[in-house]
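Contents: one structure, followed by commentary.
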There are 6 protein chains.
Amino acid sequence: MRVSVFRKEHFNAAHRLHNSEWTAEKNHIVFGKCNNPNYHGHNYELIVKVIGEVDPNTGYVYDMKKLSDLIKVQVLDRFDHKNLNLDTEEFKELNPTAENIAIVIYDLLRAKIDKALDLKITLYETERNFVEYPV
Amino acid sequence: MRVSVFRKEHFNAAHRLHNSEWTAEKNHIVFGKCNNPNYHGHNYELIVKVIGEVDPNTGYVYDMKKLSDLIKVQVLDRFDHKNLNLDTEEFKELNPTAENIAIVIYDLLRAKIDKALDLKITLYETERNFVEYPV
Amino acid sequence: MRVSVFRKEHFNAAHRLHNSEWTAEKNHIVFGKCNNPNYHGHNYELIVKVIGEVDPNTGYVYDMKKLSDLIKVQVLDRFDHKNLNLDTEEFKELNPTAENIAIVIYDLLRAKIDKALDLKITLYETERNFVEYPV
Amino acid sequence: MRVSVFRKEHFNAAHRLHNSEWTAEKNHIVFGKCNNPNYHGHNYELIVKVIGEVDPNTGYVYDMKKLSDLIKVQVLDRFDHKNLNLDTEEFKELNPTAENIAIVIYDLLRAKIDKALDLKITLYETERNFVEYPV
Amino acid sequence: MRVSVFRKEHFNAAHRLHNSEWTAEKNHIVFGKCNNPNYHGHNYELIVKVIGEVDPNTGYVYDMKKLSDLIKVQVLDRFDHKNLNLDTEEFKELNPTAENIAIVIYDLLRAKIDKALDLKITLYETERNFVEYPV
Amino acid sequence: MRVSVFRKEHFNAAHRLHNSEWTAEKNHIVFGKCNNPNYHGHNYELIVKVIGEVDPNTGYVYDMKKLSDLIKVQVLDRFDHKNLNLDTEEFKELNPTAENIAIVIYDLLRAKIDKALDLKITLYETERNFVEYPV
């Protein structure tokens, strides 16, 4: 009786897309407005999916309150109301595209969730642009 | 030419999370506010996914009007504006978590849909908490 | 420079529509499925609108964090995960229709917000049924 | 490091469901209101999912601006503000059900996207009826 | 104790914007893609607002089930799955812009709702374009 | 025949709430996480409401394409993918709260729209926090 359970959270952050090994011109060509030196920002909507067996005693795969608390400690306290490029260790060297943010969030949560449970991250950068990891 | 088709419906119900083999104290610790003895409730959003071949005569996998009617008879007439714990056979002994409700809805619909078609249930308990079955 | 500011919150509750001065038959005719004796429930979405002058020092009409905290204490702690008919003083005698819930919430918040500020409540009982007070 | 990236776009179109090999009566029985001879219409919401490796230089699987431009040229310029049955080559003979529209859009985009990338189409005909291809 | 109550419904229709007193060229300049001779279409989302006193016996301003039924008979049966220009009396001579559709719906409902109640129509032509009448 | 018409657009920006006449400590106490020196950001959803007479020749109050173009030139080109504090003239001295951004957008559009038409701005900073101006 494996079921997927999902918890949606959100955080607001500033970021800039930039490859420090490229010229300013190449960065501008590749990343366009997202390369703005003074940053721009987003309301990130995050959906965390946990897949596992339903516990017959609780009827839960994972307590949603505990999942929400875990996301708060591991993700929101780290990224909410932050500048991803300047204020976080994770994106000091890594370009904070939605793809990379999703992978980083996956790794942060994967380390804290029982390996018997599978995990997937969906991250909305805008209502029209979003990503999932793993596929 | 297999395509997935989805139909979204909703129902409103009261429920209480409770394990009758546990003490009141343990129930309160595990289920928190969801254990309130007088029940609380939700607007459940239900998405039924049916996967199958496109019929070349109709261009349909499944007639959405018939799927809507089937969901009405099998799910909404049974659970809409009901107290899941008190008013339904299905949850007299089974804890009405979102996980268990999704499994019950799957079984109700699975019995009425051609086995050549695959079936998946997504159930939103709130905008921020939802489940899928099977995974 | 008067501006309206809005804060959206939500709570989940069970309720039953019922007029204790009417017969069971009349209650059933008037309130239909909403009269179910064992209750049903909703995810209530609440939008609180506060209208006032922008403070030139802060650029705020009302600190949204403080408004959220006020709604939590006055509304969510009172109604969230409750049975409105059984668990609350406000609806022991008052029929918990969306109209009446909005008026009650207005009165609870009106008593705690500076009279120089105007106040309006929008309450969604479902995505398709909602109310505003005052008009 | 395979990630799925999604781009949401929309178009508005008129259509009619009809099988030219059937009698008017049979068409009416099978397709109901959707068979209206003078057409009806929809706001189609389209989600294009592209699955592939994250480019370590950009942090992108696929540049969302380029994906949006590709969808504009291949899909929106072809179907937006059109009568699918009368104004398009693709649905002159093919019944424009959501299933068939999704397959046609998949084929149009598949031809223009590197085969190393996987592709999936989600098409909302209404908020309550939608399809995915491939499954 | 005046409260506003709202009911949301939807219908799907085809239409074409056109002024029959203008040349084809002028119609094309003014209405652009919306002038397509073979029509296009929309999922119209309709919100009907009724403003009045709360009945102390019911706690209702207006029974939402009755309002939904009234909208079905007066609006949906008339416009749903129709071509507004060809299939309706109302838009045979009147250009079916969102503004005009809202005014027509207002007049249809105004004739059937007690004059002690005020009425307002909100009509979404797309998620990004919508209108209200009266102001 | 006055009707309100609405156009929804969006932009993404970084900002920081800060009063330069206050100490760092007071700024932190008043603005909390929103005072982060390296900025954070939002997906701003903007709804522009224009109120006026329906033109009998077009059935329009205001051509939505022209309104969208006007918003693009006056608002999006100025604020989209920008740091409001650093990259714009408007917020060099003015604290970029949602209230102030709405007033600034109102003034920018008011100067370009015929005075016979009324204007109102709704600005969503997040799904849960939004403002309207004028009231």
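All residue names refer to the structure tokens as shown: chains lettered A, B, ... in order, residues numbered from 1 in each chain, ligands numbered from 1 in order.
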
* **Residue contacts of C:His28 (12 Å, only C-alpha atoms) excluding same-chain residues fewer than 5 positions away, as a PyMOL selection string** => chain C and resi 16-20+22-23+33-37

Provide as a PDB file with N, CA, C and O atoms, in the first residue's frame the residues of chain F at most 8 Å from chain E, counting only C-alpha atoms.
```pdb
ATOM      1  N   MET F   1     -23.863  53.248 -19.186  1.00  0.00           N
ATOM      2  CA  MET F   1     -23.358  51.880 -19.257  1.00  0.00           C
ATOM      3  C   MET F   1     -21.879  51.822 -18.863  1.00  0.00           C
ATOM      4  O   MET F   1     -20.992  51.530 -19.680  1.00  0.00           O
ATOM      5  N   ARG F   2     -21.593  52.142 -17.603  1.00  0.00           N
ATOM      6  CA  ARG F   2     -20.213  52.092 -17.137  1.00  0.00           C
ATOM      7  C   ARG F   2     -19.878  50.665 -16.687  1.00  0.00           C
ATOM      8  O   ARG F   2     -20.645  50.032 -15.969  1.00  0.00           O
ATOM      9  N   VAL F   3     -18.751  50.189 -17.166  1.00  0.00           N
ATOM     10  CA  VAL F   3     -18.282  48.841 -16.854  1.00  0.00           C
ATOM     11  C   VAL F   3     -16.830  48.951 -16.387  1.00  0.00           C
ATOM     12  O   VAL F   3     -16.098  49.840 -16.827  1.00  0.00           O
ATOM     13  N   SER F   4     -16.425  48.065 -15.473  1.00  0.00           N
ATOM     14  CA  SER F   4     -15.011  47.971 -15.078  1.00  0.00           C
ATOM     15  C   SER F   4     -14.350  46.871 -15.891  1.00  0.00           C
ATOM     16  O   SER F   4     -14.903  45.767 -15.999  1.00  0.00           O
ATOM     17  N   VAL F   5     -13.183  47.149 -16.432  1.00  0.00           N
ATOM     18  CA  VAL F   5     -12.407  46.113 -17.121  1.00  0.00           C
ATOM     19  C   VAL F   5     -11.070  45.959 -16.407  1.00  0.00           C
ATOM     20  O   VAL F   5     -10.515  46.923 -15.873  1.00  0.00           O
ATOM     21  N   PHE F   6     -10.569  44.728 -16.411  1.00  0.00           N
ATOM     22  CA  PHE F   6      -9.377  44.393 -15.631  1.00  0.00           C
ATOM     23  C   PHE F   6      -8.365  43.677 -16.520  1.00  0.00           C
ATOM     24  O   PHE F   6      -8.759  42.802 -17.307  1.00  0.00           O
ATOM     25  N   ARG F   7      -7.097  44.022 -16.330  1.00  0.00           N
ATOM     26  CA  ARG F   7      -6.017  43.321 -17.016  1.00  0.00           C
ATOM     27  C   ARG F   7      -4.991  42.894 -15.969  1.00  0.00           C
ATOM     28  O   ARG F   7      -4.547  43.711 -15.153  1.00  0.00           O
ATOM     29  N   LYS F   8      -4.636  41.608 -15.995  1.00  0.00           N
ATOM     30  CA  LYS F   8      -3.660  41.068 -15.051  1.00  0.00           C
ATOM     31  C   LYS F   8      -2.312  40.865 -15.736  1.00  0.00           C
ATOM     32  O   LYS F   8      -2.260  40.271 -16.818  1.00  0.00           O
ATOM     33  N   GLU F   9      -1.246  41.385 -15.130  1.00  0.00           N
ATOM     34  CA  GLU F   9       0.122  41.206 -15.624  1.00  0.00           C
ATOM     35  C   GLU F   9       0.997  40.812 -14.442  1.00  0.00           C
ATOM     36  O   GLU F   9       0.545  40.842 -13.303  1.00  0.00           O
ATOM     37  N   ILE F  51     -12.297  51.913 -15.349  1.00  0.00           N
ATOM     38  CA  ILE F  51     -13.752  52.030 -15.262  1.00  0.00           C
ATOM     39  C   ILE F  51     -14.215  53.123 -16.214  1.00  0.00           C
ATOM     40  O   ILE F  51     -13.709  54.254 -16.156  1.00  0.00           O
ATOM     41  N   VAL F  54     -18.963  51.971 -21.983  1.00  0.00           N
ATOM     42  CA  VAL F  54     -18.739  51.048 -23.087  1.00  0.00           C
ATOM     43  C   VAL F  54     -18.933  51.815 -24.400  1.00  0.00           C
ATOM     44  O   VAL F  54     -19.978  52.439 -24.612  1.00  0.00           O
ATOM     45  N   ASN F  57     -19.515  51.408 -30.507  1.00  0.00           N
ATOM     46  CA  ASN F  57     -18.976  50.899 -31.772  1.00  0.00           C
ATOM     47  C   ASN F  57     -18.121  49.655 -31.593  1.00  0.00           C
ATOM     48  O   ASN F  57     -18.046  48.814 -32.485  1.00  0.00           O
ATOM     49  N   THR F  58     -17.446  49.575 -30.466  1.00  0.00           N
ATOM     50  CA  THR F  58     -16.543  48.440 -30.247  1.00  0.00           C
ATOM     51  C   THR F  58     -17.052  47.470 -29.186  1.00  0.00           C
ATOM     52  O   THR F  58     -16.661  46.297 -29.192  1.00  0.00           O
ATOM     53  N   GLY F  59     -17.902  47.942 -28.301  1.00  0.00           N
ATOM     54  CA  GLY F  59     -18.269  47.107 -27.157  1.00  0.00           C
ATOM     55  C   GLY F  59     -17.171  47.053 -26.116  1.00  0.00           C
ATOM     56  O   GLY F  59     -17.219  46.233 -25.199  1.00  0.00           O
ATOM     57  N   TYR F  60     -16.165  47.917 -26.253  1.00  0.00           N
ATOM     58  CA  TYR F  60     -15.021  47.955 -25.333  1.00  0.00           C
ATOM     59  C   TYR F  60     -15.124  49.177 -24.419  1.00  0.00           C
ATOM     60  O   TYR F  60     -15.523  50.254 -24.858  1.00  0.00           O
ATOM     61  N   VAL F  61     -14.659  49.046 -23.177  1.00  0.00           N
ATOM     62  CA  VAL F  61     -14.322  50.214 -22.362  1.00  0.00           C
ATOM     63  C   VAL F  61     -12.905  50.676 -22.718  1.00  0.00           C
ATOM     64  O   VAL F  61     -12.626  51.874 -22.846  1.00  0.00           O
ATOM     65  N   MET F  64      -8.072  45.785 -24.440  1.00  0.00           N
ATOM     66  CA  MET F  64      -7.197  45.060 -23.509  1.00  0.00           C
ATOM     67  C   MET F  64      -5.777  44.914 -24.061  1.00  0.00           C
ATOM     68  O   MET F  64      -4.816  44.861 -23.303  1.00  0.00           O
TER      69      MET F  64
END
```

* How would you write, as a list of chain:residue names, the set of residues in stretch 19-121 of chain A that DSSP gives as strand (DSSP E)? ->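 Selecting the strand (DSSP E) positions of stretch 19-121 of chain A gives A:His40, A:Gly41, A:His42, A:Asn43, A:Tyr44, A:Glu45, A:Leu46, A:Ile47, A:Val48, A:Lys49, A:Val50, A:Ile51, A:Gly52, A:Glu53, A:Lys82, A:Asn83, A:Asp118, A:Leu119, A:Lys120, A:Ile121.
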
Keeping only C-alpha atoms, take the residues you just selected and write them out as a short mmCIF file (atom, residue, chain, number, x, y, z; two decimals), in the first residue's frame.
```cif
data_model
loop_
_atom_site.label_atom_id
_atom_site.label_comp_id
_atom_site.auth_asym_id
_atom_site.auth_seq_id
_atom_site.Cartn_x
_atom_site.Cartn_y
_atom_site.Cartn_z
CA HIS A 40 15.63 40.24 -9.03
CA GLY A 41 13.41 37.87 -7.08
CA HIS A 42 10.64 35.32 -6.90
CA ASN A 43 7.95 33.78 -4.72
CA TYR A 44 9.12 30.18 -4.89
CA GLU A 45 6.38 27.58 -4.42
CA LEU A 46 7.83 24.28 -3.23
CA ILE A 47 6.07 20.91 -3.30
CA VAL A 48 7.75 18.03 -1.48
CA LYS A 49 6.55 14.53 -2.43
CA VAL A 50 7.27 11.59 -0.13
CA ILE A 51 6.45 8.07 -1.31
CA GLY A 52 6.10 5.13 1.04
CA GLU A 53 3.96 2.56 2.79
CA LYS A 82 17.48 35.71 1.41
CA ASN A 83 19.65 36.62 -1.53
CA ASP A 118 11.27 8.03 -1.93
CA LEU A 119 11.41 11.78 -2.42
CA LYS A 120 10.65 14.21 -5.25
CA ILE A 121 10.87 18.01 -5.39
#
```

* To do: Considering only C-alpha atoms, state which residue in the set B:Ala13, B:Ala116, B:Leu67, B:Leu86 is at the smallest distance from C:Asn38.
  =>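 Of all the options, B:Leu86 lies closest to C:Asn38.
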
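Separating atom CA of F:Val73 from atom CA of D:Val75 is a distance of 26.6 Å.
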
* Using atom CA of B:Asp77 and atom CA of B:Lys115 as the two end points, give the distance in Å to one decimal. =>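 Pair atom CA of B:Asp77 / atom CA of B:Lys115 returns 23.5 Å.
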
* **Point-to-point distance from atom CA of A:Leu109 to atom CA of A:Ala14, Å rounded to tenths** => 21.7 Å

* Identify all residues of chain F in alpha helix (DSSP H) (DSSP on the backbone) and supply them as number ranges by chain. => F: 24-31, 64-71, 77-79, 84-87, 98-110
